[in-house]
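S.K.: A single structure is presented below for examination.
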Amino acid sequence: MSNFQLLSIDGDPIFRLGLRVACEQYPDLQVVAEVSTGSEALRILEARSIGSGTAKKPADLGILAVETLNLRSGQIEALEFCRELKNLYPNLPLLLLGGPLTPEQLAEVQAAGANGYCPKGRDISLTMEAIRAVASGCTYWATDTAANSEIELNAAVVQIVENSASSADKNADNSTVDTPVHKKMLAYFCISGLREIDAALAVVKADLQEVRAADPTDLPSILDGVVLSGRRRELLAARWIVSQLLFEGKEEKAEGRKQRGEGRAEKAEIRGENLLNNSESQLANSQVSAESLVVATNWQGSLFDSVAAKLQFDLVNLTGLPLEIDILRSAKKRELMSSILRKLQDLLEELRFSQVQQTQLSQKMPAILRDLWEATIIDFFGRYYTLQTGETRVFDGSQTSLKLGESQGGSAADILAGSGVEVVPVLLADADAVAAEILDKIPMTVDFFAHLLFEIPLTVDNISCVAGSPEAMKRAEALLENLAIQVASGVVQPLLNNLANIEEIKQIFYDGKLISTREIERFRNDLSWRYRWDSYFVEPKAIFESRFWLFVLGDYGINRISIYAPRNPELAQLSGWQLALTLLLETRDAIAPRVRAVISLLGAAVVYVLTQVIGRGIGLIGRGIIQGIGNSLQDSKFGKNG
């Protein structure tokens with residue numbers, strides 16, 4: 001591991017202290033000097049150059065705070081300092097830290113010679129990643145530089161749309177390609193817009209409920225209902241348009257849904273107008289019908305769009321628990337999760353076409369989840385993806401398998417001993433193990449599919465929430481994210497079981513930090529221990545506590561949440577160690593308050609004895625001794641006088 005020596009240039013002493021303390025937590029990073037101005041930095045660099053004899057690179061990295069030199073206020077001190085520093089020390093990498101910058105400002109910083117830029121206020125691990133990358137000779141340009149500036153972000157998104165429109169008229173050889181920076185800013189802006197639209201929809205829905213609760217013969221209330229219904233349709237149309245900016249690949253399907261939805265809405269609105277001429281009460285009923293038609297057409301598309309939008313951000317595992325997908329590169333994680341969402345939508349369409357009944361879902365759910373898993377593997381790896389392994393055995397039987405109670409080796413090794421191996425059949429051979437360990441344990445799948453297929457209300461904290469309501473959308477989004485993450489883990493598990501150490505697999509799929517054999521085996525062992533811990537402790541405890549644990553997508557990565565759900569049938573089926581654990585928890589709950597009360601009482605009694613009895617007794621004895629000493633001194637004094 002390389003040890004990087006860092007020079008910190010920042011006018012804020014608190015930030016310099018924080019950066020040094022943060023770097024001290026990493027053995028390969030060391031802040032060797034701290035200064036507040038550019039002139040002090042040049043003196044430090046000159047002194048280190050003379051002492052070390054390496055005039056071209058007196059440190060491994062210079063870290064410059066942009067706010068110190070007022071780059072954002074329009075002054076050019078930062079750019080001038082970058083140019084001067086690069087002229088004197090061309091081999092010294094330079095990383096800028098600061099607030100959000102516009103693309104134009106980033107271009108100026110790059111032209112001045114900086115090797116990277118990272119905003120302040122990010123997660124410390126991301127800042128350390130940027131420091132290591134630039135110190136190693138790479139470049140690092142953060143993709144969320146204008147995230148905190150609404151004006152800059154709007155301008156950037158407008159520019160992206162204009163560039164996309166203009167690029168459609170160009171030839172293929174001259175077409176422009178959106179950069180990851182542009183895609184990330186577009187995703188951020190669209191998600192913000194979706195949140196604003198959802199908030200407005202919630203307000204309109206509340207107003208509509210008040211109108212429906214009013215007197216049905218009141219003409220102003222009827223007119224207000226018409227206006228609010230139109231407002232709701234406008235918001236739903238706006239939400240659809242914003243969603244299309246995020247997902248251009250779904251234009252045809254989404255356009256079809258939009259046209260069908262608009263057609264139904266127009267028909268419902270016409271029926272409403274006719275009913276208005278006939279009867280005021282009939283108009284109120286038609287408003288409900290029109291609203292339900294529009295909502296039913298849009299809420300599922302909005303659900304999938306919202307989850308897919310989160311995939312544009314980092315998928316870092318923040319749960320503290322090892323997940324199979326942690327071994328994948330960020331781009332591969334995103335690609336795998338997107339594939340699952342696509343295949344799930346195709347599967348839902350197939351189920352609707354097959355006219356599966358609600359009563360059949362519970363029986364067919366294992367097969368449905370396995371079909372989703374198989375379709376994702378074929379789509380992600382390619383049906384005919386073949387590895388050239390020669391005569392090398394991929395693994396031996398001494399290594400630990402991810403499957404509980406099993407070890408690697410045997411038939412899978414024999415399969416992989418040939419000159420060429422098709423990946424998909426090898427992975428699909430582990431279907432039973434993946435189903436038993438992952439797919440069949442995904443919570444609330446029957447309720448979730450019933451909600452998507454038949455719009456059965458979801459129960460959230462013992463409250464029934466209709467499809468499309470904010471509470472149901474939030475719960476459905478969490479269930480969808482958990483389903484996607486769990487299926488993705490199921491896709492990666494057989495890869496780790498059978499192809500963990502193939503170099504081609506490492507180069508294409510694995511994260512750079514987990515490519516050594518030792519790191520891979522450590523990662524596999526951590527997963528194996530997690531399976532056992534979940535099976536023997538976490539799962540029975542969650543059943544006893546009437547809750548499920550879900551993996552969800554947050555703004556900064558993958559998080560873990562718990563939701564309430566009655567699990568009495570599962571509790572009745574527990575046996576062995578799992579049942580013993582629940583009995584132990586119940587016993588602890590029963591006796592713990594009494595034990596604490598007894599200990600508290602004993603503690604109070606001990607304190608009383610020590611202070612009131614023994615303490616006072618010792619005090620009286622000490623007082624008698626002191627008085628005796630005083631009397632003897634007085635007697636001796638009078639004896640001498642006599």
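In the structure tokens, the first chain shown is A, the next is B, and so on; residue numbers restart at 1 for each chain, and ligands run from 1 in the order shown.
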Range 488-490 of chain A: which residues within 7 Å, counting only C-alpha atoms, same-chain residues fewer than 5 positions away excluded, as number ranges by chain?
M.R.: A: 323-325, 336-337, 434, 438
S.K.: Just the selected residues (all heavy atoms), exported as an mmCIF file, in the first residue's frame, please.
M.R.:
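As written to disk, again_25.cif reads:
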data_model
loop_
_atom_site.group_PDB
_atom_site.id
_atom_site.type_symbol
_atom_site.label_atom_id
_atom_site.label_comp_id
_atom_site.auth_asym_id
_atom_site.auth_seq_id
_atom_site.Cartn_x
_atom_site.Cartn_y
_atom_site.Cartn_z
ATOM 1 N N LEU A 323 -23.501 -7.592 1.422
ATOM 2 C CA LEU A 323 -24.448 -7.985 0.390
ATOM 3 C C LEU A 323 -23.684 -8.531 -0.807
ATOM 4 O O LEU A 323 -22.578 -8.063 -1.112
ATOM 5 C CB LEU A 323 -25.312 -6.799 -0.044
ATOM 6 C CG LEU A 323 -26.284 -6.226 0.998
ATOM 7 C CD1 LEU A 323 -26.942 -4.965 0.460
ATOM 8 C CD2 LEU A 323 -27.329 -7.258 1.367
ATOM 9 N N GLU A 324 -24.282 -9.480 -1.500
ATOM 10 C CA GLU A 324 -23.607 -10.098 -2.636
ATOM 11 C C GLU A 324 -23.228 -9.074 -3.694
ATOM 12 O O GLU A 324 -22.162 -9.171 -4.324
ATOM 13 C CB GLU A 324 -24.503 -11.174 -3.251
ATOM 14 C CG GLU A 324 -24.657 -12.428 -2.419
ATOM 15 C CD GLU A 324 -25.700 -12.290 -1.310
ATOM 16 O OE1 GLU A 324 -26.172 -11.149 -1.096
ATOM 17 O OE2 GLU A 324 -26.027 -13.302 -0.671
ATOM 18 N N ILE A 325 -24.074 -8.079 -3.910
ATOM 19 C CA ILE A 325 -23.811 -7.107 -4.971
ATOM 20 C C ILE A 325 -22.678 -6.152 -4.615
ATOM 21 O O ILE A 325 -22.249 -5.369 -5.472
ATOM 22 C CB ILE A 325 -25.081 -6.310 -5.307
ATOM 23 C CG1 ILE A 325 -25.599 -5.564 -4.077
ATOM 24 C CG2 ILE A 325 -26.147 -7.211 -5.876
ATOM 25 C CD1 ILE A 325 -26.789 -4.669 -4.381
ATOM 26 N N LEU A 336 -27.360 -4.132 -13.409
ATOM 27 C CA LEU A 336 -28.103 -5.287 -12.907
ATOM 28 C C LEU A 336 -29.459 -4.872 -12.347
ATOM 29 O O LEU A 336 -30.486 -5.499 -12.630
ATOM 30 C CB LEU A 336 -27.274 -6.011 -11.841
ATOM 31 C CG LEU A 336 -27.939 -7.196 -11.136
ATOM 32 C CD1 LEU A 336 -28.382 -8.240 -12.140
ATOM 33 C CD2 LEU A 336 -26.996 -7.795 -10.098
ATOM 34 N N MET A 337 -29.493 -3.820 -11.534
ATOM 35 C CA MET A 337 -30.757 -3.372 -10.948
ATOM 36 C C MET A 337 -31.721 -2.880 -12.029
ATOM 37 O O MET A 337 -32.933 -3.131 -11.956
ATOM 38 C CB MET A 337 -30.475 -2.271 -9.932
ATOM 39 C CG MET A 337 -29.607 -2.688 -8.760
ATOM 40 S SD MET A 337 -30.498 -3.626 -7.530
ATOM 41 C CE MET A 337 -31.412 -2.319 -6.755
ATOM 42 N N VAL A 434 -30.477 -20.872 -4.437
ATOM 43 C CA VAL A 434 -30.786 -19.442 -4.416
ATOM 44 C C VAL A 434 -32.221 -19.209 -3.953
ATOM 45 O O VAL A 434 -32.496 -18.293 -3.170
ATOM 46 C CB VAL A 434 -30.549 -18.831 -5.810
ATOM 47 C CG1 VAL A 434 -31.039 -17.387 -5.861
ATOM 48 C CG2 VAL A 434 -29.075 -18.893 -6.185
ATOM 49 N N ILE A 438 -32.555 -17.076 -0.619
ATOM 50 C CA ILE A 438 -32.811 -15.652 -0.892
ATOM 51 C C ILE A 438 -34.233 -15.422 -1.387
ATOM 52 O O ILE A 438 -35.016 -14.703 -0.759
ATOM 53 C CB ILE A 438 -31.785 -15.112 -1.916
ATOM 54 C CG1 ILE A 438 -30.366 -15.185 -1.353
ATOM 55 C CG2 ILE A 438 -32.120 -13.678 -2.295
ATOM 56 C CD1 ILE A 438 -29.296 -14.721 -2.303
#
S.K.: Pick out the residues sitting within 7 Å of Thr37 in chain A, and hand them over as a list in words; count only C-alpha atoms, and ignore anything fewer than 5 positions along from it in its own chain.
M.R.: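 Everything that qualifies: Ile9, Asp10 and Gly11 of chain A.
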S.K.: Identify, on the basis of only C-alpha atoms, every residue whose closest approach to Asn115 in chain A does not exceed 12 Å; exclude the query and any residue fewer than 6 positions from it along the same chain; express the result as a PyMOL selection string.
M.R.: chain A and resi 61-64+82-83+86+90-97+106-109+130-142
S.K.: Counting only C-alpha atoms, figure out which residue out of A:Ser362, A:Ile368, A:Asn568, A:Ile378 gets nearest to Glu350 in chain A.
M.R.: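 Smallest distance to Glu350 in chain A is found for A:Ile368.
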S.K.: Using only C-alpha atoms, pick whichever of A:Ser330, A:Ser302, A:Ser8, A:Asn482 has the shortest atom-to-atom distance to Leu45 in chain A.
M.R.: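 Nearest candidate to Leu45 in chain A out of A:Ser330, A:Ser302, A:Ser8, A:Asn482: A:Ser8.
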S.K.: Please provide the set of residues having any atom within 8 Å of range 574-590 of chain A, restricted to only C-alpha atoms, with same-chain residues fewer than 4 positions apart removed, written as a ChimeraX atom specification.
M.R.: /A:536-537,540-541,544,570,594
S.K.: Can those selected residues be exported to a file as a compact mmCIF listing (two decimals), in the first residue's frame so that it contains C-alpha atoms?
M.R.:
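Output contents, as saved in out-v5.txt:
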# COMPACT_ATOMS: atom_id res chain seq x y z
CA TYR A 536 -30.50 -18.51 13.48
CA PHE A 537 -30.89 -15.09 15.12
CA PRO A 540 -36.62 -15.58 14.37
CA LYS A 541 -36.15 -12.34 16.31
CA PHE A 544 -41.14 -12.61 17.23
CA GLU A 570 -44.55 -18.05 10.98
CA ARG A 594 -38.11 -7.94 37.94
S.K.: Taking only C-alpha atoms into account, name the residue in A:Ala450, A:Ala65, A:Ile197, A:Ile591 that is nearest to Val242 in chain A.
M.R.: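 For Val242 in chain A, the nearest of the given residues is A:Ile197.
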S.K.: Fewer than 5 positions away in the same chain doesn't count, so skip those; otherwise give me all residues within 10 Å of range 456-467 of chain A, counting only C-alpha atoms, as a list in words.
M.R.: Ser292, Val295, Ala296, Trp299, Gln300, Gln358, Asp447, Phe448, Phe449, Ala450, His451, Ala472, Met473, Lys474, Arg475, Ala476, Ile563, Tyr564, Ala565 and Pro566 of chain A
S.K.: Please dump the current selection as a JSON list (two decimals), in the first residue's frame; keep C-alpha atoms.
M.R.:
[["chain", "number", "residue", "atom", "x", "y", "z"],
["A", 292, "SER", "CA", -59.57, 6.77, -10.64],
["A", 295, "VAL", "CA", -54.52, 7.43, -11.33],
["A", 296, "ALA", "CA", -54.74, 3.75, -12.29],
["A", 299, "TRP", "CA", -49.23, 5.32, -10.49],
["A", 300, "GLN", "CA", -47.42, 2.12, -11.46],
["A", 358, "GLN", "CA", -55.43, -13.22, -7.03],
["A", 447, "ASP", "CA", -49.11, -8.60, -1.16],
["A", 448, "PHE", "CA", -46.85, -6.57, -3.45],
["A", 449, "PHE", "CA", -47.77, -8.44, -6.63],
["A", 450, "ALA", "CA", -51.47, -8.35, -5.70],
["A", 451, "HIS", "CA", -51.11, -4.59, -5.29],
["A", 472, "ALA", "CA", -49.25, 3.07, -0.48],
["A", 473, "MET", "CA", -46.72, 4.52, -2.93],
["A", 474, "LYS", "CA", -44.11, 4.87, -0.20],
["A", 475, "ARG", "CA", -44.62, 1.30, 1.01],
["A", 476, "ALA", "CA", -44.73, -0.09, -2.55],
["A", 563, "ILE", "CA", -41.68, -2.34, 8.84],
["A", 564, "TYR", "CA", -44.47, -3.79, 10.97],
["A", 565, "ALA", "CA", -46.29, -6.89, 9.72],
["A", 566, "PRO", "CA", -48.18, -9.62, 11.61]]
S.K.: Can you work out which one of A:Arg596, A:Lys343, A:Lys310, A:Arg352 has the shortest atom-to-atom distance to Glu477 in chain A, counting only C-alpha atoms?
M.R.: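 So, comparing all the options, the nearest one is A:Lys310.
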S.K.: Would you kindly return, as a list in words, each protein, DNA or RNA residue with an atom no farther than 12 Å from any atom of Ala202 in chain A, considering only C-alpha atoms and excluding same-chain residues fewer than 6 positions away?
M.R.: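 Neighbouring residues, sequence-local ones excluded: Arg195, Glu196, Leu208, Gln209, Leu228, Arg231, Arg232, Leu235, Leu236, Gly468, Ser469, Pro470, Glu471 and Met473 of chain A.
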S.K.: Print the selection's residues with C-alpha atoms to a file, as a compact mmCIF listing (two decimals), in the first residue's frame.
M.R.:
# COMPACT_ATOMS: atom_id res chain seq x y z
CA ARG A 195 -41.11 15.41 -5.43
CA GLU A 196 -42.64 18.84 -5.97
CA LEU A 208 -60.90 16.97 -3.59
CA GLN A 209 -61.80 15.02 -0.47
CA LEU A 228 -59.44 20.38 -9.01
CA ARG A 231 -55.56 20.40 -11.96
CA ARG A 232 -54.89 16.81 -10.96
CA LEU A 235 -50.05 17.41 -12.55
CA LEU A 236 -50.19 13.77 -13.63
CA GLY A 468 -51.80 5.42 -5.73
CA SER A 469 -52.14 7.05 -2.31
CA PRO A 470 -48.95 8.58 -0.82
CA GLU A 471 -48.75 5.97 1.94
CA MET A 473 -46.72 4.52 -2.93
S.K.: Nearest to Asp534 in chain A: which of A:Gly38, A:Gly193, A:Pro58, A:Pro322 is it, counting only C-alpha atoms?
M.R.: A:Pro322
S.K.: If DSSP is run on the backbone, what residues of range 547-577 of chain A are strand (DSSP E)? A reply as a PyMOL selection string would be ideal.
M.R.: chain A and resi 547-553+558-564
S.K.: Out of range 352-547 of chain A, which residues get alpha helix (DSSP H) from DSSP, as a PyMOL selection string?
M.R.: chain A and resi 352-353+361-381+411-415+423-428+431-437+445-454+470-498+503-509+517-533+539-544
S.K.: Env of Arg383 in chain A: 9 Å cut, atoms = only C-alpha atoms, seq-sep filter 6 positions within chain, self excluded. Answer as a PyMOL selection string.
M.R.: chain A and resi 377+422-425
S.K.: Would you mind reading off the distance between CA of Ala542 in chain A and CA of Gly554 in chain A, one decimal, in Å?
M.R.: 22.4 Å
S.K.: In Å, how far is it from CA of Leu79 in chain A to CA of Gly98 in chain A?
M.R.: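 So the answer is 13.8 Å.
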S.K.: What does the distance from CA of Ile626 in chain A to CA of Thr611 in chain A come to in Å, to one decimal?
M.R.: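 One can read the CA of Ile626 in chain A to CA of Thr611 in chain A distance as 20.5 Å.
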S.K.: May I ask which of the residues A:Leu328, A:Ile505, A:Ile543, A:Leu341 is the closest one to Phe523 in chain A, counting only C-alpha atoms?
M.R.: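 Looking only at the distances to Phe523 in chain A, the closest residue turns out to be A:Leu328.
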